[in-house]
Every structure is written in C-alpha cells, then in structure tokens.
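**Student:** Got a file for you: final.cif, mmCIF, C-alpha atoms and all ligand atoms.
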data_start
#
loop_
_atom_site.label_atom_id
_atom_site.label_comp_id
_atom_site.auth_asym_id
_atom_site.auth_seq_id
_atom_site.Cartn_x
_atom_site.Cartn_y
_atom_site.Cartn_z
CA MET A 1 -259.32 114.88 -58.84
CA LYS A 2 -260.45 116.37 -55.57
CA LEU A 3 -260.86 120.12 -55.19
CA THR A 4 -261.43 121.77 -51.85
CA PHE A 5 -262.40 125.42 -51.75
CA LEU A 6 -260.41 126.72 -48.77
CA GLY A 7 -261.62 130.28 -49.34
CA THR A 8 -264.01 131.97 -51.77
CA GLY A 9 -264.09 135.56 -50.52
CA THR A 10 -262.87 138.80 -51.97
CA SER A 11 -259.80 140.56 -50.57
CA THR A 12 -261.56 141.88 -47.43
CA GLY A 13 -263.09 138.52 -46.61
CA VAL A 14 -266.80 138.24 -45.83
CA PRO A 15 -268.09 139.40 -43.41
CA SER A 16 -266.36 142.69 -44.09
CA ILE A 17 -265.11 144.44 -40.94
CA GLY A 18 -267.72 146.82 -39.54
CA CYS A 19 -270.42 145.91 -42.08
CA GLU A 20 -273.95 145.01 -41.00
CA CYS A 21 -275.40 144.17 -44.44
CA GLU A 22 -277.58 141.12 -45.03
CA THR A 23 -274.64 138.95 -46.14
CA CYS A 24 -272.23 140.08 -43.43
CA THR A 25 -274.82 139.28 -40.75
CA SER A 26 -276.06 136.08 -42.44
CA VAL A 27 -275.95 132.87 -40.38
CA ASP A 28 -275.64 130.77 -43.55
CA PRO A 29 -272.06 129.41 -43.44
CA ARG A 30 -271.93 129.81 -47.25
CA ASP A 31 -271.98 133.58 -46.70
CA GLN A 32 -268.79 133.48 -44.61
CA ARG A 33 -265.88 133.66 -46.98
CA LEU A 34 -262.18 133.48 -46.19
CA ARG A 35 -259.71 134.82 -48.74
CA VAL A 36 -259.52 132.77 -51.99
CA SER A 37 -257.55 129.58 -52.15
CA VAL A 38 -258.10 126.07 -53.46
CA LEU A 39 -256.51 122.73 -52.63
CA ILE A 40 -256.06 120.17 -55.42
CA GLU A 41 -255.45 116.49 -54.68
CA HIS A 42 -254.74 114.14 -57.56
CA GLY A 43 -252.44 111.19 -58.24
CA GLY A 44 -250.95 111.33 -54.75
CA GLN A 45 -250.06 115.02 -55.08
CA THR A 46 -251.44 117.83 -52.93
CA VAL A 47 -251.19 121.28 -54.45
CA LEU A 48 -252.24 124.60 -52.95
CA VAL A 49 -253.13 127.59 -55.10
CA ASP A 50 -252.19 130.77 -53.20
CA THR A 51 -251.13 131.12 -49.57
CA SER A 52 -254.01 133.41 -48.67
CA SER A 53 -254.02 135.74 -45.68
CA ASP A 54 -256.24 133.08 -44.06
CA PHE A 55 -253.99 130.12 -44.91
CA ARG A 56 -253.28 129.11 -41.30
CA GLN A 57 -256.98 129.01 -40.43
CA GLN A 58 -257.79 127.17 -43.67
CA ALA A 59 -255.08 124.57 -43.14
CA LEU A 60 -256.23 123.89 -39.57
CA ARG A 61 -259.90 123.79 -40.55
CA HIS A 62 -259.24 121.22 -43.27
CA LYS A 63 -256.64 119.28 -41.26
CA LEU A 64 -254.01 119.81 -43.96
CA LYS A 65 -251.17 117.36 -43.38
CA ARG A 66 -248.71 118.15 -46.14
CA LEU A 67 -248.22 119.95 -49.43
CA ASP A 68 -246.22 118.94 -52.47
CA LEU A 69 -246.26 122.32 -54.19
CA VAL A 70 -247.70 125.84 -53.92
CA LEU A 71 -248.78 127.79 -57.00
CA ILE A 72 -249.19 131.54 -56.77
CA THR A 73 -251.57 133.43 -59.06
CA HIS A 74 -250.22 136.93 -58.30
CA CYS A 75 -248.74 138.95 -55.50
CA HIS A 76 -251.68 140.72 -53.89
CA ALA A 77 -251.97 140.58 -50.11
CA ASP A 78 -255.05 138.34 -50.06
CA HIS A 79 -253.22 135.69 -52.13
CA ILE A 80 -249.77 135.78 -50.57
CA PHE A 81 -249.78 136.96 -46.98
CA GLY A 82 -250.09 133.44 -45.57
CA LEU A 83 -246.70 132.42 -47.01
CA ASP A 84 -244.99 132.56 -43.61
CA ASP A 85 -247.45 129.93 -42.33
CA ILE A 86 -245.95 127.15 -44.44
CA ARG A 87 -243.28 126.89 -41.71
CA PRO A 88 -244.91 124.06 -39.73
CA LEU A 89 -244.86 122.01 -42.96
CA ASN A 90 -241.18 122.93 -43.45
CA PHE A 91 -240.40 121.80 -39.91
CA ARG A 92 -241.87 118.38 -40.73
CA TYR A 93 -240.97 117.86 -44.37
CA GLY A 94 -238.29 120.39 -45.29
CA SER A 95 -238.41 123.00 -47.99
CA LEU A 96 -241.48 123.51 -50.17
CA GLY A 97 -241.60 124.42 -53.85
CA VAL A 98 -243.45 127.61 -54.68
CA CYS A 99 -244.28 128.60 -58.27
CA ALA A 100 -245.08 132.14 -59.43
CA ASN A 101 -244.41 134.24 -62.49
CA GLU A 102 -241.45 136.59 -62.67
CA ARG A 103 -243.52 139.66 -61.87
CA ALA A 104 -244.96 138.07 -58.73
CA TRP A 105 -241.53 136.83 -57.59
CA LYS A 106 -240.18 140.38 -57.77
CA ASP A 107 -242.86 141.53 -55.33
CA ILE A 108 -242.74 138.40 -53.14
CA ARG A 109 -238.95 138.75 -52.70
CA ARG A 110 -239.41 142.38 -51.67
CA ILE A 111 -242.32 141.79 -49.30
CA PHE A 112 -240.72 138.71 -47.74
CA GLN A 113 -237.17 140.05 -47.89
CA TYR A 114 -236.35 138.41 -44.54
CA VAL A 115 -237.00 135.02 -46.18
CA PHE A 116 -234.92 135.50 -49.31
CA GLU A 117 -232.16 137.72 -47.86
CA PRO A 118 -232.11 136.51 -44.27
CA THR A 119 -230.23 138.51 -41.66
CA TYR A 120 -229.71 135.34 -39.66
CA PHE A 121 -229.56 131.63 -40.33
CA GLY A 122 -231.26 128.83 -38.52
CA GLY A 123 -234.81 127.82 -37.72
CA GLY A 124 -237.86 129.99 -37.93
CA LEU A 125 -237.82 131.07 -41.56
CA PRO A 126 -240.04 129.68 -44.32
CA GLN A 127 -238.00 127.36 -46.55
CA VAL A 128 -239.05 128.10 -50.10
CA VAL A 129 -237.70 126.64 -53.32
CA ALA A 130 -238.63 129.29 -55.88
CA HIS A 131 -239.77 128.17 -59.33
CA THR A 132 -240.67 130.65 -62.05
CA VAL A 133 -243.64 129.78 -64.23
CA VAL A 134 -244.18 131.21 -67.69
CA ALA A 135 -247.61 131.45 -69.30
CA GLY A 136 -247.90 128.82 -72.03
CA ALA A 137 -245.06 126.64 -70.67
CA PRO A 138 -246.60 123.46 -69.18
CA PHE A 139 -245.09 121.30 -66.46
CA SER A 140 -246.10 118.22 -64.50
CA ILE A 141 -246.57 117.52 -60.82
CA GLY A 142 -246.05 113.80 -60.35
CA PRO A 143 -247.01 111.44 -63.18
CA ASP A 144 -250.71 112.36 -63.49
CA LEU A 145 -251.08 116.09 -62.96
CA ARG A 146 -250.26 118.26 -65.93
CA VAL A 147 -250.26 122.00 -65.27
CA MET A 148 -250.59 124.74 -67.86
CA PRO A 149 -250.02 128.31 -66.62
CA LEU A 150 -252.15 130.80 -68.57
CA GLU A 151 -252.14 134.58 -68.49
CA VAL A 152 -255.23 136.59 -67.55
CA ILE A 153 -255.49 140.33 -66.96
CA HIS A 154 -256.36 141.86 -63.57
CA GLY A 155 -256.71 145.60 -64.18
CA ARG A 156 -253.24 146.17 -65.63
CA LEU A 157 -251.55 143.25 -63.91
CA PRO A 158 -250.92 139.95 -65.71
CA VAL A 159 -252.04 137.15 -63.39
CA ILE A 160 -251.47 133.40 -63.79
CA ALA A 161 -254.50 131.14 -64.14
CA TYR A 162 -253.69 127.44 -63.84
CA ARG A 163 -255.13 124.58 -65.81
CA PHE A 164 -254.73 121.09 -64.27
CA ASN A 165 -255.75 118.36 -66.70
CA ASP A 166 -259.44 119.26 -67.37
CA PHE A 167 -259.86 121.61 -64.44
CA ALA A 168 -258.88 125.29 -64.49
CA TYR A 169 -258.62 127.90 -61.76
CA ALA A 170 -258.80 131.51 -62.93
CA THR A 171 -259.20 134.16 -60.26
CA ASP A 172 -258.49 137.89 -60.09
CA LEU A 173 -259.15 138.93 -63.65
CA ASN A 174 -261.35 141.22 -65.65
CA GLU A 175 -260.15 140.06 -69.05
CA ILE A 176 -259.16 136.78 -70.67
CA PRO A 177 -256.83 137.38 -73.63
CA PRO A 178 -257.71 135.48 -76.85
CA GLU A 179 -254.67 133.17 -76.62
CA THR A 180 -255.73 132.15 -73.10
CA MET A 181 -259.32 131.48 -74.20
CA ASP A 182 -258.07 128.51 -76.25
CA GLY A 183 -256.34 127.10 -73.19
CA LEU A 184 -259.61 127.16 -71.25
CA ARG A 185 -261.74 125.11 -73.63
CA ASP A 186 -262.93 121.51 -73.09
CA LEU A 187 -262.95 121.83 -69.32
CA ASP A 188 -264.87 119.63 -66.92
CA VAL A 189 -264.63 122.23 -64.20
CA LEU A 190 -263.79 125.92 -64.39
CA VAL A 191 -263.38 128.04 -61.28
CA LEU A 192 -263.76 131.64 -62.34
CA ASP A 193 -263.39 135.02 -60.68
CA CYS A 194 -266.72 136.77 -60.08
CA LEU A 195 -266.86 139.56 -57.53
CA ARG A 196 -270.52 140.55 -57.58
CA PHE A 197 -273.39 141.57 -59.91
CA LYS A 198 -272.24 145.16 -60.42
CA GLU A 199 -269.35 145.75 -62.77
CA HIS A 200 -265.81 146.32 -61.51
CA PRO A 201 -262.56 147.55 -63.12
CA THR A 202 -260.29 144.66 -62.03
CA HIS A 203 -262.62 141.69 -61.49
CA LEU A 204 -265.31 139.89 -63.45
CA TRP A 205 -268.91 140.42 -62.42
CA VAL A 206 -271.82 138.04 -63.07
CA ASP A 207 -272.84 139.17 -66.58
CA ARG A 208 -269.26 139.36 -67.82
CA ALA A 209 -268.37 135.99 -66.27
CA LEU A 210 -271.42 134.42 -67.95
CA GLU A 211 -270.31 135.78 -71.33
CA TYR A 212 -266.98 133.99 -70.96
CA ILE A 213 -268.71 130.83 -69.70
CA ARG A 214 -271.03 130.79 -72.72
CA GLU A 215 -268.03 130.98 -75.00
CA LEU A 216 -265.77 128.51 -73.15
CA LYS A 217 -268.56 126.00 -72.41
CA PRO A 218 -267.04 124.21 -69.39
CA ARG A 219 -269.18 121.34 -68.11
CA ARG A 220 -269.49 123.08 -64.72
CA THR A 221 -268.39 126.46 -63.41
CA TYR A 222 -267.88 127.61 -59.84
CA LEU A 223 -267.61 131.35 -59.22
CA THR A 224 -265.17 132.58 -56.57
CA HIS A 225 -263.57 135.76 -55.07
CA ILE A 226 -267.07 136.78 -54.01
CA ALA A 227 -267.89 140.06 -52.26
CA HIS A 228 -270.55 140.71 -49.63
CA ASP A 229 -272.97 141.93 -52.31
CA VAL A 230 -273.74 138.26 -52.99
CA LEU A 231 -276.10 136.45 -50.60
CA HIS A 232 -275.51 132.78 -51.40
CA GLU A 233 -279.00 131.30 -51.24
CA ARG A 234 -280.89 134.24 -52.75
CA ASP A 235 -278.41 134.92 -55.54
CA SER A 236 -277.62 131.33 -56.49
CA ALA A 237 -281.14 131.16 -57.95
CA LYS A 238 -280.14 133.87 -60.47
CA LEU A 239 -277.42 131.74 -62.10
CA PRO A 240 -278.03 129.45 -65.09
CA ASP A 241 -277.70 125.65 -64.90
CA GLY A 242 -274.12 124.49 -64.58
CA VAL A 243 -272.94 127.70 -62.88
CA GLU A 244 -272.77 128.07 -59.10
CA PHE A 245 -271.30 130.33 -56.49
CA ALA A 246 -268.59 128.37 -54.69
CA TYR A 247 -268.44 128.52 -50.91
CA ASP A 248 -265.80 127.77 -48.29
CA GLY A 249 -265.50 124.06 -47.61
CA LEU A 250 -267.12 122.99 -50.89
CA VAL A 251 -265.47 119.80 -52.13
CA ILE A 252 -265.65 118.56 -55.72
CA ASN A 253 -264.52 114.96 -55.92
CA ASP A 254 -264.90 113.61 -59.37
CA GLU A 255 -263.54 111.69 -62.31
CA PHE A 256 -261.63 114.45 -64.04
ZN ZN B 301 -257.71 138.69 -54.79
ZN ZN B 302 -271.49 143.51 -45.76
ZN ZN B 303 -255.70 140.56 -56.94
#
Give the structure from this file in structure tokens form.
Ligand SMILES: [Zn+2]
Ligand SMILES: [Zn+2]
Ligand SMILES: [Zn+2]
**Tutor:**
Amino acid sequence: MKLTFLGTGTSTGVPSIGCECETCTSVDPRDQRLRVSVLIEHGGQTVLVDTSSDFRQQALRHKLKRLDLVLITHCHADHIFGLDDIRPLNFRYGSLGVCANERAWKDIRRIFQYVFEPTYFGGGLPQVVAHTVVAGAPFSIGPDLRVMPLEVIHGRLPVIAYRFNDFAYATDLNEIPPETMDGLRDLDVLVLDCLRFKEHPTHLWVDRALEYIRELKPRRTYLTHIAHDVLHERDSAKLPDGVEFAYDGLVINDEF
C-alpha cells in the first residue's frame, strides 16, 4: 500500500495568515502544511480521504491523474471545501463516488446545494455518486482493499475514521470510543490526529495521542492535523520511537 500525505495541517493551514512565529516563518518545507488529506493507492485503486480546501493545489502538486473513490471523514470546511475541484476528473472519467456518514451528507447537501439540487443542467457541476457509510459496516474497494469505517468523537461531532487493511486514518478527534479501540488494534500504520502539545477540546494533543498509541500499539504512527505550535525538526525529537509528525509530501510505500 502506498500512502501520500497531501496535507498535514490544521484547519487554518500552516503558515497561519498574519503569523510571524518560528514555524510560520520556517524555511523547512516540513513546517508548511496544507489542510489534511491522504491519498491511498493499493491493488490498482486510488482513494482520497477528504477533499480539503487545498485539494486543487494538492492534486496538481502530486500530479494526480484519477480517483476511484473519495471518503469523507466529516463535514468541516478544511475537509470538504475542495469538493468542487473534482470536476476536471469528472470531465475525463465521469461521475465519482463519494462516501460519508449520514450526518456529513446532511451538511454537504446543504453547503453544496447547487450540486445536489441544481438550478440548471449541463456541464460545470461536480458529478457525485453519494454513498452513505455506517460505522462498523465494512465494504471493499476493488478486490484487495477492505475498508472499515469507525466512529471517533470530535468535540460533540461523530467523525468517521477509516481502516484500510492494516492501515488506519483517524483525524479530527479528541476521543476514541471503546468499541472503536478494538477496530484500531494490530495496525502496521496508524495516522492519528494531533494538533499540538497543549491540550484542546476537540483534537488530540501529544500526551493524549501517546496514551492511545501505547494502548493500541500500532507498528508505526504518523501524527497529522498539526498546528503552528509544532516546529517539525525541534519537536520531532520529543516523540518516542515509532511515532513521527507527518509532513506534506511524505510517502509511505510498504508491504501492508
Ligand atoms: Zn480538520
Ligand atoms: Zn505561526
Ligand atoms: Zn474537524
């Protein structure tokens, strides 16, 4: 399976507009974070998790040619506002399947009302085939990619984390319910939300993320949805073995 981190930044992106802190002025490319998104390639399938507000830039940067499916974690602007930019793929390949839970679909249909209740017909609109995912109900993408949607809690909002074979992607959460914990065991790679070192009401922070990692024992963990409080080089040294801050453009290409 090949994972490409298209974006690893918190909702504002890093640098944050108007900020002159050490991270926002850093010349280390690992301190420049677009909004979170990951691309998964396995068994001939290419799957995108979240159409971030930076999707167009991410797709161009990584020379994205096509997508087989889009999975949405939840309907917050940083995860969904790039949806309109799937259109060039629609022009080439036709409609694209998009999966989200019922709660997210309610908001997506409202925000993108012009897509789902068009006032005109013809070219120019995203062509979306809507699929509803339910936590705990697995499905497959092609013959080799098994997907298990799992529920995590983001403040008061249930968010979908996705497990793909022995890789799981869990962003935007401050709590993992006990029934989801079992779905996140025996992982080769876990990508986990981790905003910063200081605690936060709707996201994990380093100490809390490490507690979950100690219990779940994935072989490797990459932290994502990172704020400008984290300076990549300096702060990476503070993490234990097997845990790293992800960065934009990081590719994991491995036998899992
Ligand atoms: Zn977010
Ligand atoms: Zn800053
Ligand atoms: Zn969110």
**Student:** Please report as JSON lines every residue of stretch 78-103 of chain A lying within 12 Å of stretch 26-40 of chain A, along with the nearest atom pair and their distance in Å (one decimal), using only C-alpha atoms.
**Tutor:**
{"residue": "A:Asp78", "atom": "CA", "partner": "A:Arg35", "partner_atom": "CA", "distance": 6.0}
{"residue": "A:His79", "atom": "CA", "partner": "A:Val36", "partner_atom": "CA", "distance": 6.9}
{"residue": "A:Ile80", "atom": "CA", "partner": "A:Ser37", "partner_atom": "CA", "distance": 10.1}
{"residue": "A:Phe81", "atom": "CA", "partner": "A:Arg35", "partner_atom": "CA", "distance": 10.3}
{"residue": "A:Gly82", "atom": "CA", "partner": "A:Arg35", "partner_atom": "CA", "distance": 10.2}
**Student:** For a test of reading the model, state the distance in Å between atom CA of A:Glu244 and atom CA of A:Leu190, rounded to one decimal.
**Tutor:**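 One can read the atom CA of A:Glu244 to atom CA of A:Leu190 distance as 10.6 Å.
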**Student:** Could you give me the residues within 10 Å of ligand ZN 301 (chain B), counting all atoms listed in the file, as JSON, numbers by chain?
**Tutor:** {"A": [8, 9, 10, 11, 12, 13, 35, 36, 37, 50, 52, 73, 74, 75, 76, 77, 78, 79, 80, 154, 171, 172, 173, 193, 195, 202, 203, 224, 225, 226]}
**Student:** Using only C-alpha atoms and all ligand atoms, find each residue in chain A having at least one atom no more than 7 Å away from ligand ZN 302 (chain B); report its shortest atom-to-atom pair and that distance in Å (one decimal), rows by chain then rising number, as CSV.
**Tutor:**
residue,atom,partner,partner_atom,distance
A:Pro15,CA,B:ZN302,ZN,5.8
A:Ser16,CA,B:ZN302,ZN,5.5
A:Cys19,CA,B:ZN302,ZN,4.5
A:Glu20,CA,B:ZN302,ZN,5.6
A:Cys21,CA,B:ZN302,ZN,4.2
A:Glu22,CA,B:ZN302,ZN,6.6
A:Thr23,CA,B:ZN302,ZN,5.6
A:Cys24,CA,B:ZN302,ZN,4.2
A:His228,CA,B:ZN302,ZN,4.9
A:Asp229,CA,B:ZN302,ZN,6.9
**Student:** Can you measure atom CA of A:Pro143 to atom CA of A:Asp166 for me? One decimal in Å is fine.
**Tutor:**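 The value is 15.3 Å.
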**Student:** Excluding A:Leu210 and its own-chain neighbours fewer than 2 positions away, which residues fall within 12 Å of it when counting all atoms listed in the file? Please give them as a PyMOL selection string.
**Tutor:** chain A and resi 190+192-194+197+204-208+212-218+220-223+238-244
**Student:** What would the file look like if the residues just selected were written as a compact mmCIF listing (two decimals), keeping the file's coordinate frame with C-alpha atoms?
**Tutor:**
# COMPACT_ATOMS: atom_id res chain seq x y z
CA LEU A 190 -263.79 125.92 -64.39
CA LEU A 192 -263.76 131.64 -62.34
CA ASP A 193 -263.39 135.02 -60.68
CA CYS A 194 -266.72 136.77 -60.08
CA PHE A 197 -273.39 141.57 -59.91
CA LEU A 204 -265.31 139.89 -63.45
CA TRP A 205 -268.91 140.42 -62.42
CA VAL A 206 -271.82 138.04 -63.07
CA ASP A 207 -272.84 139.17 -66.58
CA ARG A 208 -269.26 139.36 -67.82
CA TYR A 212 -266.98 133.99 -70.96
CA ILE A 213 -268.71 130.83 -69.70
CA ARG A 214 -271.03 130.79 -72.72
CA GLU A 215 -268.03 130.98 -75.00
CA LEU A 216 -265.77 128.51 -73.15
CA LYS A 217 -268.56 126.00 -72.41
CA PRO A 218 -267.04 124.21 -69.39
CA ARG A 220 -269.49 123.08 -64.72
CA THR A 221 -268.39 126.46 -63.41
CA TYR A 222 -267.88 127.61 -59.84
CA LEU A 223 -267.61 131.35 -59.22
CA LYS A 238 -280.14 133.87 -60.47
CA LEU A 239 -277.42 131.74 -62.10
CA PRO A 240 -278.03 129.45 -65.09
CA ASP A 241 -277.70 125.65 -64.90
CA GLY A 242 -274.12 124.49 -64.58
CA VAL A 243 -272.94 127.70 -62.88
CA GLU A 244 -272.77 128.07 -59.10
**Student:** What is the distance, in Å and to one decimal place, between atom CA of A:His131 and atom CA of A:Pro149?
**Tutor:**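 If I compute the distance from atom CA of A:His131 to atom CA of A:Pro149, I get 12.6 Å.
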**Student:** For A:Phe116, which residue out of A:Asp85, A:Arg92, A:Asp248, A:Val129 is the nearest one, using all atoms listed in the file?
**Tutor:**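 Between A:Asp85, A:Arg92, A:Asp248, A:Val129, the residue approaching A:Phe116 most closely is A:Val129.
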**Student:** Give as number ranges by chain every residue, naming chains and numbers as the document does, that has an atom within 8 Å of (-255.4, 138.0, -65.6), counting all atoms listed in the file.
**Tutor:** A: 151-155, 157-161, 170-176
**Student:** Could you save those same residues with C-alpha atoms as an mmCIF file, keeping the file's coordinate frame?
**Tutor:**
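Below is the file that was written, result22.cif:
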data_model
loop_
_atom_site.group_PDB
_atom_site.id
_atom_site.type_symbol
_atom_site.label_atom_id
_atom_site.label_comp_id
_atom_site.auth_asym_id
_atom_site.auth_seq_id
_atom_site.Cartn_x
_atom_site.Cartn_y
_atom_site.Cartn_z
ATOM 1 C CA GLU A 151 -252.140 134.580 -68.490
ATOM 2 C CA VAL A 152 -255.230 136.590 -67.550
ATOM 3 C CA ILE A 153 -255.490 140.330 -66.960
ATOM 4 C CA HIS A 154 -256.360 141.860 -63.570
ATOM 5 C CA GLY A 155 -256.710 145.600 -64.180
ATOM 6 C CA LEU A 157 -251.550 143.250 -63.910
ATOM 7 C CA PRO A 158 -250.920 139.950 -65.710
ATOM 8 C CA VAL A 159 -252.040 137.150 -63.390
ATOM 9 C CA ILE A 160 -251.470 133.400 -63.790
ATOM 10 C CA ALA A 161 -254.500 131.140 -64.140
ATOM 11 C CA ALA A 170 -258.800 131.510 -62.930
ATOM 12 C CA THR A 171 -259.200 134.160 -60.260
ATOM 13 C CA ASP A 172 -258.490 137.890 -60.090
ATOM 14 C CA LEU A 173 -259.150 138.930 -63.650
ATOM 15 C CA ASN A 174 -261.350 141.220 -65.650
ATOM 16 C CA GLU A 175 -260.150 140.060 -69.050
ATOM 17 C CA ILE A 176 -259.160 136.780 -70.670
#
**Student:** List the neighbours of A:Leu125 out to 12 Å using only C-alpha atoms; skip same-chain residues closer than 6 positions along the sequence, and give me the result as a PyMOL selection string.
**Tutor:** chain A and resi 83-91+94-95+112-119
**Student:** Is there a way to complete stretch 129-144 of chain A with N, CA, C and O atoms and then write that out as a CSV table (one decimal), in the frame of the given file?
**Tutor:**
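Saved to result01.csv:
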chain,number,residue,atom,x,y,z
A,129,VAL,N,-238.5,126.9,-52.1
A,129,VAL,CA,-237.7,126.6,-53.3
A,129,VAL,C,-238.5,127.4,-54.4
A,129,VAL,O,-239.6,127.0,-54.8
A,130,ALA,N,-237.9,128.4,-54.9
A,130,ALA,CA,-238.6,129.3,-55.9
A,130,ALA,C,-238.6,128.7,-57.3
A,130,ALA,O,-237.5,128.4,-57.8
A,131,HIS,N,-239.7,128.6,-57.9
A,131,HIS,CA,-239.8,128.2,-59.3
A,131,HIS,C,-240.5,129.3,-60.1
A,131,HIS,O,-241.5,129.8,-59.6
A,132,THR,N,-240.0,129.6,-61.2
A,132,THR,CA,-240.7,130.6,-62.0
A,132,THR,C,-241.5,130.0,-63.1
A,132,THR,O,-241.0,129.1,-63.9
A,133,VAL,N,-242.8,130.3,-63.2
A,133,VAL,CA,-243.6,129.8,-64.2
A,133,VAL,C,-243.8,130.8,-65.3
A,133,VAL,O,-243.8,132.0,-65.1
A,134,VAL,N,-244.0,130.3,-66.5
A,134,VAL,CA,-244.2,131.2,-67.7
A,134,VAL,C,-245.5,130.8,-68.4
A,134,VAL,O,-245.7,129.6,-68.6
A,135,ALA,N,-246.3,131.8,-68.6
A,135,ALA,CA,-247.6,131.4,-69.3
A,135,ALA,C,-247.3,130.7,-70.6
A,135,ALA,O,-246.5,131.1,-71.4
A,136,GLY,N,-248.1,129.6,-70.8
A,136,GLY,CA,-247.9,128.8,-72.0
A,136,GLY,C,-246.9,127.7,-71.9
A,136,GLY,O,-246.7,126.9,-72.9
A,137,ALA,N,-246.1,127.7,-70.8
A,137,ALA,CA,-245.1,126.6,-70.7
A,137,ALA,C,-245.5,125.6,-69.6
A,137,ALA,O,-245.5,125.9,-68.4
A,138,PRO,N,-246.0,124.4,-70.1
A,138,PRO,CA,-246.6,123.5,-69.2
A,138,PRO,C,-245.5,122.7,-68.4
A,138,PRO,O,-244.4,122.7,-68.8
A,139,PHE,N,-246.0,122.2,-67.3
A,139,PHE,CA,-245.1,121.3,-66.5
A,139,PHE,C,-246.0,120.3,-65.8
A,139,PHE,O,-247.2,120.4,-65.8
A,140,SER,N,-245.3,119.3,-65.2
A,140,SER,CA,-246.1,118.2,-64.5
A,140,SER,C,-245.8,118.2,-63.0
A,140,SER,O,-244.6,118.5,-62.6
A,141,ILE,N,-246.8,117.8,-62.2
A,141,ILE,CA,-246.6,117.5,-60.8
A,141,ILE,C,-246.9,116.0,-60.6
A,141,ILE,O,-248.0,115.6,-60.7
A,142,GLY,N,-245.9,115.2,-60.4
A,142,GLY,CA,-246.0,113.8,-60.4
A,142,GLY,C,-246.4,113.3,-61.7
A,142,GLY,O,-246.4,114.1,-62.7
A,143,PRO,N,-246.8,112.0,-61.9
A,143,PRO,CA,-247.0,111.4,-63.2
A,143,PRO,C,-248.4,111.8,-63.8
A,143,PRO,O,-248.5,111.7,-65.0
A,144,ASP,N,-249.3,112.2,-63.0
A,144,ASP,CA,-250.7,112.4,-63.5
A,144,ASP,C,-251.3,113.8,-63.5
A,144,ASP,O,-252.4,114.0,-63.9
